[in-house]
$ cat coords_15.csv   # CSV, C-alpha atoms
chain,number,residue,atom,x,y,z
B,26,MET,CA,-5.4,-155.1,47.5
B,27,LEU,CA,-5.3,-158.2,49.6
B,28,THR,CA,-2.4,-158.7,51.9
B,29,ARG,CA,-0.4,-162.0,51.7
B,30,ARG,CA,-1.9,-163.2,54.9
B,31,THR,CA,-5.5,-162.6,53.7
B,32,GLN,CA,-4.6,-164.3,50.4
B,33,VAL,CA,-3.4,-167.4,52.3
B,34,GLU,CA,-6.5,-167.4,54.5
B,35,VAL,CA,-8.8,-167.2,51.4
B,36,THR,CA,-6.9,-170.0,49.7
B,37,ASP,CA,-7.1,-172.1,52.9
B,38,ALA,CA,-10.8,-171.5,53.3
B,39,ALA,CA,-11.4,-172.4,49.6
B,40,SER,CA,-9.4,-175.6,50.1
B,41,LEU,CA,-11.3,-176.5,53.2
B,42,ASN,CA,-14.6,-175.8,51.5
B,43,ALA,CA,-13.7,-178.0,48.6
B,44,LEU,CA,-12.7,-180.8,51.0
B,45,LEU,CA,-15.9,-180.5,52.9
B,46,VAL,CA,-17.9,-180.7,49.6
B,47,GLU,CA,-15.9,-183.8,48.6
B,48,LYS,CA,-16.5,-185.4,52.0
B,49,ARG,CA,-20.3,-184.6,51.9
B,50,GLN,CA,-20.6,-186.2,48.5
B,51,LEU,CA,-18.6,-189.3,49.6
B,52,TYR,CA,-20.5,-189.7,52.8
B,53,ALA,CA,-23.9,-189.3,51.1
B,54,ARG,CA,-22.8,-192.0,48.5
B,55,PHE,CA,-21.8,-194.3,51.3
B,56,LEU,CA,-25.0,-193.8,53.3
B,57,ARG,CA,-27.1,-194.5,50.1
B,58,ILE,CA,-25.2,-197.7,49.4
B,59,MET,CA,-25.5,-198.7,53.1
B,60,GLU,CA,-29.3,-198.1,53.1
B,61,ASP,CA,-29.7,-200.2,50.0
B,62,ALA,CA,-27.5,-202.9,51.4
B,63,TYR,CA,-29.4,-202.9,54.7
B,64,GLU,CA,-32.8,-203.1,52.9
B,65,ALA,CA,-31.4,-206.0,50.7
B,66,ALA,CA,-30.1,-207.8,53.8
B,67,GLY,CA,-33.6,-207.6,55.4
B,68,GLU,CA,-35.1,-209.1,52.2
B,69,MET,CA,-32.4,-211.8,52.1
B,70,ARG,CA,-33.2,-212.7,55.7
B,71,GLU,CA,-36.9,-213.0,54.8
B,72,VAL,CA,-36.2,-215.2,51.8
B,73,ALA,CA,-33.9,-217.4,54.0
B,74,ASP,CA,-36.6,-217.7,56.7
B,75,GLU,CA,-39.2,-218.6,54.0
B,76,LEU,CA,-36.9,-221.2,52.6
B,77,ASP,CA,-36.4,-222.7,56.1
B,78,ARG,CA,-40.2,-222.8,56.6
B,79,MET,CA,-40.9,-224.4,53.3
B,80,THR,CA,-38.1,-227.0,53.7
B,81,ALA,CA,-39.5,-227.9,57.1
B,82,LYS,CA,-43.0,-228.1,55.6
B,83,LEU,CA,-41.7,-230.4,52.9
B,84,VAL,CA,-39.7,-232.6,55.2
B,85,GLY,CA,-42.3,-232.8,58.0
B,86,ALA,CA,-45.4,-233.1,55.9
B,87,GLY,CA,-45.5,-236.8,55.7
B,88,GLU,CA,-48.1,-237.9,53.2
B,89,LEU,CA,-48.5,-235.3,50.4
B,90,THR,CA,-50.0,-235.7,47.1
B,91,ASP,CA,-47.6,-235.6,44.2
B,92,THR,CA,-49.1,-232.3,43.1
B,93,VAL,CA,-48.6,-230.6,46.4
B,94,ARG,CA,-45.1,-232.0,46.7
B,95,GLN,CA,-44.2,-230.8,43.2
B,96,GLU,CA,-45.6,-227.3,44.0
B,97,LEU,CA,-43.5,-227.1,47.2
B,98,LYS,CA,-40.4,-228.2,45.3
B,99,ARG,CA,-41.0,-225.6,42.6
B,100,ASP,CA,-41.5,-222.9,45.3
B,101,LEU,CA,-38.3,-224.1,47.0
B,102,GLU,CA,-36.4,-223.9,43.7
B,103,ARG,CA,-37.8,-220.4,43.0
B,104,LEU,CA,-36.8,-219.2,46.5
B,105,SER,CA,-33.4,-220.8,46.2
B,106,ALA,CA,-32.8,-219.0,42.9
B,107,LYS,CA,-33.9,-215.7,44.4
B,108,LYS,CA,-31.6,-216.2,47.4
B,109,GLU,CA,-28.7,-216.9,45.0
B,110,TRP,CA,-29.5,-213.8,43.0
B,111,MET,CA,-29.7,-211.8,46.1
B,112,GLN,CA,-26.4,-213.2,47.3
B,113,GLN,CA,-24.7,-212.0,44.1
B,114,GLY,CA,-26.2,-208.5,44.7
B,115,ARG,CA,-24.9,-208.6,48.3
B,116,GLU,CA,-21.4,-209.4,47.1
B,117,SER,CA,-21.5,-206.6,44.6
B,118,SER,CA,-22.7,-204.2,47.3
B,119,PHE,CA,-19.9,-205.3,49.6
B,120,GLY,CA,-17.4,-204.6,46.8
B,121,GLU,CA,-18.8,-201.1,46.3
B,122,LEU,CA,-18.8,-200.5,50.1
B,123,LYS,CA,-15.1,-201.6,50.3
B,124,ARG,CA,-14.2,-199.1,47.6
B,125,VAL,CA,-16.1,-196.3,49.2
B,126,ARG,CA,-14.6,-197.2,52.6
B,127,ALA,CA,-11.1,-197.0,51.1
B,128,GLU,CA,-11.9,-193.4,49.9
B,129,ILE,CA,-13.4,-192.5,53.4
B,130,SER,CA,-10.2,-193.8,55.1
B,131,LEU,CA,-8.2,-191.3,53.1
B,132,LEU,CA,-10.4,-188.3,54.1
B,133,ALA,CA,-11.7,-189.2,57.5
B,134,GLY,CA,-10.1,-189.8,60.9
B,135,ALA,CA,-9.5,-193.2,62.4
B,136,ALA,CA,-12.5,-193.1,64.7
B,137,LEU,CA,-14.9,-192.5,61.8
B,138,ASN,CA,-13.2,-195.2,59.7
B,139,LEU,CA,-13.7,-197.7,62.5
B,140,GLN,CA,-17.4,-196.8,62.7
B,141,VAL,CA,-17.7,-197.2,58.9
B,142,ALA,CA,-16.0,-200.7,59.1
B,143,ARG,CA,-18.3,-201.7,62.0
B,144,ALA,CA,-21.4,-200.6,60.1
B,145,ILE,CA,-20.4,-202.5,57.0
B,146,THR,CA,-19.7,-205.6,59.0
B,147,LEU,CA,-23.1,-205.4,60.8
B,148,VAL,CA,-25.1,-204.9,57.6
B,149,MET,CA,-23.3,-207.7,55.8
B,150,GLY,CA,-23.8,-210.0,58.8
B,151,TYR,CA,-27.4,-209.1,59.1
B,152,GLY,CA,-28.0,-210.4,55.6
B,153,ALA,CA,-26.4,-213.7,56.6
B,154,ARG,CA,-28.8,-213.8,59.6
B,155,ARG,CA,-26.3,-212.7,62.2
B,156,GLY,CA,-27.2,-209.8,64.5
B,157,GLU,CA,-30.3,-207.9,65.1
B,158,ALA,CA,-32.0,-205.0,63.1
B,159,SER,CA,-31.7,-202.7,66.1
B,160,GLU,CA,-28.0,-203.2,66.3
B,161,VAL,CA,-27.6,-202.4,62.6
B,162,SER,CA,-29.9,-199.4,62.8
B,163,GLU,CA,-28.0,-198.0,65.8
B,164,ALA,CA,-24.6,-198.4,64.0
B,165,LEU,CA,-26.0,-196.7,60.9
B,166,VAL,CA,-27.3,-193.8,63.0
B,167,ASP,CA,-24.0,-193.5,64.8
B,168,VAL,CA,-22.0,-193.4,61.5
B,169,ALA,CA,-24.3,-190.9,59.9
B,170,SER,CA,-24.1,-188.7,63.0
B,171,ALA,CA,-20.3,-188.9,63.0
B,172,MET,CA,-20.2,-188.1,59.3
B,173,ARG,CA,-22.5,-185.1,59.8
B,174,SER,CA,-20.2,-183.8,62.6
B,175,ASP,CA,-17.1,-184.3,60.3
B,176,VAL,CA,-18.5,-182.0,57.6
B,177,LEU,CA,-19.7,-179.2,59.8
B,178,PRO,CA,-17.9,-176.1,58.8
B,179,GLY,CA,-16.2,-175.7,62.1
B,180,ALA,CA,-15.2,-179.3,62.5
B,181,ARG,CA,-11.5,-179.3,61.5
B,182,GLY,CA,-9.2,-182.2,61.9
B,183,ARG,CA,-11.7,-184.8,62.9
$ encode --input "coords_15.csv" --output "structure tokens"
Amino acid sequence: MLTRRTQVEVTDAASLNALLVEKRQLYARFLRIMEDAYEAAGEMREVADELDRMTAKLVGAGELTDTVRQELKRDLERLSAKKEWMQQGRESSFGELKRVRAEISLLAGAALNLQVARAITLVMGYGARRGEASEVSEALVDVASAMRSDVLPGARGR
């Protein structure tokens, strides 16, 4: 027969394990969304750069045949539509990231919550052509490392 103290310890351990499982799932979900958002941000930058190159080509080309000019305009319209579609996806990702961040803020400590906020800001800025890939990658590695430390079995109260 278990003593009262042992029963409390078993209950506490079960609660802690349940919390760790919940955190692991939440952190994994966050990191998947962040990875997708980062990849999409990189693609968005490429489309924006291509749009800039094509616009410069169209403006600075001088004498172009009507056929070439029309092709460039069609390509610009296609890229503009793609950029707009990607922007909508970016906004959707940002909404999902905000929801997951709110959940993380309930379960994680202040330091981890700040790292999460910084990583989100950097990824979203990267898509808008602010910041560098190395800075974003570093922030993602840091937040993943902090999350990993937070869910280690001996890591209480972080």
$ residues_around --input "coords_15.csv" --residues "range 115-127 of chain B" --least-positions-apart "3" --cutoff "10 Å" --atoms "only C-alpha atoms" --output "short mmCIF file (atom, residue, chain, number, x, y, z; two decimals) with C-alpha atoms, in the coordinates of the input"
data_model
loop_
_atom_site.label_atom_id
_atom_site.label_comp_id
_atom_site.auth_asym_id
_atom_site.auth_seq_id
_atom_site.Cartn_x
_atom_site.Cartn_y
_atom_site.Cartn_z
CA LEU B 51 -18.60 -189.30 49.60
CA TYR B 52 -20.50 -189.70 52.80
CA ARG B 54 -22.80 -192.00 48.50
CA PHE B 55 -21.80 -194.30 51.30
CA LEU B 56 -25.00 -193.80 53.30
CA ILE B 58 -25.20 -197.70 49.40
CA MET B 59 -25.50 -198.70 53.10
CA ASP B 61 -29.70 -200.20 50.00
CA ALA B 62 -27.50 -202.90 51.40
CA TYR B 63 -29.40 -202.90 54.70
CA ALA B 65 -31.40 -206.00 50.70
CA ALA B 66 -30.10 -207.80 53.80
CA MET B 69 -32.40 -211.80 52.10
CA GLU B 109 -28.70 -216.90 45.00
CA TRP B 110 -29.50 -213.80 43.00
CA MET B 111 -29.70 -211.80 46.10
CA GLN B 112 -26.40 -213.20 47.30
CA SER B 130 -10.20 -193.80 55.10
CA LEU B 131 -8.20 -191.30 53.10
CA LEU B 132 -10.40 -188.30 54.10
CA ALA B 133 -11.70 -189.20 57.50
CA ASN B 138 -13.20 -195.20 59.70
CA LEU B 139 -13.70 -197.70 62.50
CA VAL B 141 -17.70 -197.20 58.90
CA ALA B 142 -16.00 -200.70 59.10
CA ILE B 145 -20.40 -202.50 57.00
CA THR B 146 -19.70 -205.60 59.00
CA VAL B 148 -25.10 -204.90 57.60
CA MET B 149 -23.30 -207.70 55.80
CA GLY B 152 -28.00 -210.40 55.60
CA ALA B 153 -26.40 -213.70 56.60
#
$ atom_distance --input "coords_15.csv" --atom1 "CA of Leu97 in chain B" --atom2 "CA of Arg155 in chain B"
27.0 Å
$ atom_distance --input "coords_15.csv" --atom1 "CA of Val168 in chain B" --atom2 "CA of Ala144 in chain B"
7.4 Å
$ atom_distance --input "coords_15.csv" --atom1 "CA of Ala136 in chain B" --atom2 "CA of Gly150 in chain B"
21.2 Å
$ residues_around --input "coords_15.csv" --residues "Ala169 in chain B" --least-positions-apart "3" --cutoff "10 Å" --atoms "all atoms listed in the file" --output "VMD selection string"
chain B and resid 52 to 53 55 to 56 137 140 to 141 163 to 166 172 to 175
